[in-house]
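Enquirer: Okay, handing you the structure first.
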Amino acid sequence: MTQKIVEIRNVTFGYNKHPVLENINLDIFERDYILIMGPNGGGKSTLLKLIMGIIQPWKGSITFGKGIGDRLGYVPQFSEFNRNFPISVLEMVLSGRIHSGNFLKRRTKSDLERAQDILEKLDLADERDANINNLSGGQIQRLLIARALVADPAVLFLDEPTTSIDLSSQSGLLDLLKELNRTTAIIVVTHDPTPFAQAYNHVACINRNLHYHERGELNAGHLESIYGCPVQLLGHGIPHTFLNQH
Amino acid sequence: MPAILSYEFMQNAILAGIFASIVCGIIGPFIVTKRMVFISDGLSHTAFGGLGVAYWLGYNPLYGAVVIVLIAAAVIGAVEEQKLYRNDLLIGIVWAVGMAVGIAFIYMTPGYAPDLMTFLFGNILMVPRSSIFFFAVLVLIVIASVLIFYKGFVFITLDEQYARARQLPVRALNIGLMMLIALSIVTLIQVVGIVLVMALLTIPFAIASEFSDNFKKIMFLSILVGIAICLGGLITSYYIEFPSGASIVLIGGFLLGVVKGIKKLRDRDFSTA
C-alpha cells in the first residue's frame, strides 16, 4: 500500500488579515503526481510555502510521514533567489545540501560527489563552474531542480516550472519529472496544466479553497467554479483536445 | 624605514587603514549583494547618537557608538525580513533621530567638540593608539564570526526563503549579520567618517567584482583594493594636506572609474573586431 507522506488539515493563512487560503485539506501519497492549479493570486504558491515551512499557517496543521519532514525538495519560481549574488552552478547545487544540522560544518566528500552526480544527470556538468547569471532559462530551471534533488527528497514541489523556459526545455523537464516520479512524489503548481496533461494523476484546484479531483473526473463546470469564468479544458492523450472555447 | 613611518600617528593610521580594509572586504560584499546599502548607511548615521551621548557622559565616544549601533542592528535585524526590506520609512526615521540625538547631546556638552567633526568626516591621521587595540578586537570578532557562520550568511544572502525551507535559523543569522555590519561601521567611522562610511563598504566590492565572479575571491580582492585605497588616500592626505576621508573616497572613486573605463574600452574592441 502506498504511504501517506504529507497531511494538510484545515490550514488557513493570509496576508495582512486577508485570508488567501481557507480550510485547506490535502493528502499527498508516495509517488503521487499532483497538479495544483488555479487563478493568479489564488494561493497556489502560498500553499507550497506553507508546506515547506517558509511561512506558518494561521491555523490548521501540516504533518509529515516518518522521516519525510527532512526530505522535502522545493523548486521555487525564478524570481525568488538573489540573482545579484556571484555564485557558480556547482556551489549553488551544493547549497542544496546545507540544512540546520550541518551549516556550521565543512562540506563533505559525499556532498561533492552527490552534487557531481546530479549535475551530470541534469545535463549541467559542462556548466559546473559557470556563473549562474550566464545560464539560459532552461538551464536555470534545471539548476533549481538540481539544488532540490541533491538533498535526496521524497517529494518534490515545483512552483510554475514551465513559465520561464522555452518549449524544447519544457519537454525535457516533463521527461525528467516523469522519470523522477518512479521514486518521488511530484507536486506541480501551475496556472497552465496543458504540458502536464499526460503525466499527472490528481488535480487540486485552488482559489482560496481547495477542490481535489481524481484524474479524469475534472470537467468544465469544476474549472468554471474555480476560475469564475469559462475555461478551456484540456483532453488527455495525443493530440491534446481542447473543449469549450473561452 | 622611511621617516614618515617613524611617527606613531602614521603607524596608527596605517594600521587603522588595514583594519578598515579587512572588515570592508569581508562585510562589504554581503551588504551589496544582499541589498543592504541603505540600511547600513542608516546604521552608520545612527552611530552619531551614541557618539554624542558618550561624549556628554565623558566616555570614549567610540564605545557609545558601538553600543547604540549594536542595539539598532539588533532591532532592525529582528524585524521580520519582509518588513525590513520594504521599510525605508523605519530606516529613514532611525537615521535622522540618531543624528538629532547626537547633535542634541553635543550641544548640551560644555565647550567646543572638535573630536566630533572627526567622527563625521573621519581623520585617519588622528587615530589614537587606544582605538587601534579596540579596532583589532572588532576586526577579530568580524573575521571569526564570518569564518564560523560563512555557509549560513551566504545561504541567507543567496536565497533566504530556501534557507528557511532548509530550517536554518534565518532570523538569528540576519541579526548576527546586522551586528557584524554594525561593528564594521564603527571601525570605519574613524577612518572615513560617518558620512563617507558607505564608500569603503561599496567601492572595493565594485572594483573587485570587475575581476572575479567568485564570492570568496571578491572578498579577498576587496581587502587588497581597500588597503590600496586607504594607504593611497593616507599618503595623499599627508603630503598635500587634504582631508583624509575625502582623499580615500576620491581615490577609490577614481580607481573604480578607471577600471570600469578600461573594461568598457576592451569590451568595445572585442565587439568590433
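Residues in the C-alpha cells are numbered from 1 in each chain, the chains being A, B, ... in the order shown, and ligands are numbered from 1 in the order shown.
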Counting only C-alpha atoms, what is within 8 Å of Val186 in chain B, bar same-chain residues fewer than 3 positions away, as a list in words?
Expert: Ser44, Ala47, Leu62, Ala65, Val66, Ala182, Leu183, Ile189 and Gln190 of chain B
Enquirer: Neighbours of Arg208 in chain A within 9 Å (only C-alpha atoms; same-chain residues fewer than 6 positions away dropped), as a PyMOL selection string?
Expert: chain A and resi 19-24+41-44
Enquirer: Quick one: residues within 7 Å of Val142 in chain B, only C-alpha atoms, excluding same-chain residues fewer than 4 positions away - as a list of chain:residue names?
Expert: B:Val23, B:Leu138, B:Val146, B:Leu180
Enquirer: Those same residues - C-alpha atoms - I'd like them written as an mmCIF file, in the first residue's frame.
Expert:
```
data_model
loop_
_atom_site.group_PDB
_atom_site.id
_atom_site.type_symbol
_atom_site.label_atom_id
_atom_site.label_comp_id
_atom_site.auth_asym_id
_atom_site.auth_seq_id
_atom_site.Cartn_x
_atom_site.Cartn_y
_atom_site.Cartn_z
ATOM 1 C CA VAL B 23 36.284 44.467 7.561
ATOM 2 C CA LEU B 138 36.409 44.315 16.479
ATOM 3 C CA VAL B 146 32.285 35.084 9.255
ATOM 4 C CA LEU B 180 28.739 42.412 12.237
#
```
Enquirer: Applying 7 Å and only C-alpha atoms, which residues near Asp159 in chain A remain after dropping the ones on its own chain fewer than 5 positions away? List them as a list in words.
Expert: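 Selected residues are Ser45, Val75, Pro76, Gln77, Val188, Val189 and Thr190 of chain A.
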Enquirer: List every residue of chain B that has an atom at most 6 Å from any atom of chain A, giving for each one its closest atom pair and the distance in Å to one decimal, counting only C-alpha atoms, sorted by chain and then by ascending residue number, as a tab-separated table.
Expert:
```
residue	atom	partner	partner_atom	distance
B:Thr33	CA	A:Phe85	CA	5.5
B:Lys151	CA	A:Phe103	CA	5.8
B:Gly152	CA	A:Phe103	CA	5.9
B:Leu158	CA	A:Asn82	CA	5.1
B:Asp159	CA	A:Phe81	CA	4.7
B:Arg164	CA	A:Ile54	CA	5.3
B:Ala165	CA	A:Met52	CA	5.2
B:Arg166	CA	A:His99	CA	5.0
B:Gln167	CA	A:Ser100	CA	5.3
B:Leu168	CA	A:Ser100	CA	4.6
B:Asp213	CA	A:Pro86	CA	5.2
B:Asn214	CA	A:Pro86	CA	5.8
B:Phe215	CA	A:Pro86	CA	5.7
```
Enquirer: With C-alpha atoms retained, write the just-selected residues as an mmCIF file, in the first residue's frame.
Expert:
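Resulting contents of selection-v9.cif:
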```cif
data_model
loop_
_atom_site.group_PDB
_atom_site.id
_atom_site.type_symbol
_atom_site.label_atom_id
_atom_site.label_comp_id
_atom_site.auth_asym_id
_atom_site.auth_seq_id
_atom_site.Cartn_x
_atom_site.Cartn_y
_atom_site.Cartn_z
ATOM 1 C CA THR B 33 24.725 41.559 -2.710
ATOM 2 C CA LYS B 151 27.736 28.957 4.918
ATOM 3 C CA GLY B 152 24.752 30.373 6.771
ATOM 4 C CA LEU B 158 21.638 33.935 -1.860
ATOM 5 C CA ASP B 159 18.149 32.644 -1.101
ATOM 6 C CA ARG B 164 14.060 28.881 5.701
ATOM 7 C CA ALA B 165 12.817 25.809 3.847
ATOM 8 C CA ARG B 166 16.036 24.027 4.911
ATOM 9 C CA GLN B 167 15.281 25.046 8.506
ATOM 10 C CA LEU B 168 18.298 27.268 9.022
ATOM 11 C CA ASP B 213 32.611 36.372 -10.040
ATOM 12 C CA ASN B 214 33.602 34.091 -7.194
ATOM 13 C CA PHE B 215 32.348 35.426 -3.862
#
```
Enquirer: Quick check for you: according to DSSP on this backbone, which residues of range 4-138 of chain B are classed as alpha helix (DSSP H)? Reply as JSON, numbers by chain.
Expert: {"B": [8, 9, 10, 11, 12, 13, 14, 15, 16, 17, 18, 19, 20, 21, 22, 23, 24, 25, 26, 27, 28, 29, 30, 31, 32, 33, 37, 38, 39, 40, 41, 42, 43, 44, 45, 46, 47, 48, 49, 50, 51, 52, 53, 54, 55, 56, 57, 61, 62, 63, 64, 65, 66, 67, 68, 69, 70, 71, 72, 73, 74, 75, 76, 77, 78, 81, 82, 83, 84, 85, 86, 88, 89, 90, 91, 92, 93, 94, 95, 96, 97, 98, 99, 100, 101, 102, 103, 104, 105, 106, 107, 108, 114, 115, 116, 117, 118, 119, 120, 121, 129, 130, 131, 132, 133, 134, 135, 136, 137, 138]}
Enquirer: Compare B:Gly122, B:Gly257, B:Met36, B:Asn60 by their minimum atom-to-atom distance to Asn174 in chain B, counting only C-alpha atoms, and give me the closest one.
Expert: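 Looking only at the distances to Asn174 in chain B, the closest residue turns out to be B:Met36.
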Enquirer: Check the smallest atom-to-atom distance from each of A:Glu113, A:Asp27, A:Leu94, A:His213 to Gln3 in chain A using only C-alpha atoms, then report the winner.
Expert: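 Counting only C-alpha atoms, the residue closest to Gln3 in chain A is A:Asp27.
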Enquirer: Of the candidates B:Met178, B:Ala20, B:Leu265, B:Leu5, which shows the shortest atom-to-atom distance to Val225 in chain B, using only C-alpha atoms?
Expert: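 Closest to Val225 in chain B of all the choices is B:Ala20.
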Enquirer: Under the rule that only C-alpha atoms are counted, which of A:Leu156, A:Leu47, A:Met37, A:Val6 is the nearest residue to Ile206 in chain A?
Expert: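 Closest to Ile206 in chain A, using only C-alpha atoms: A:Met37.
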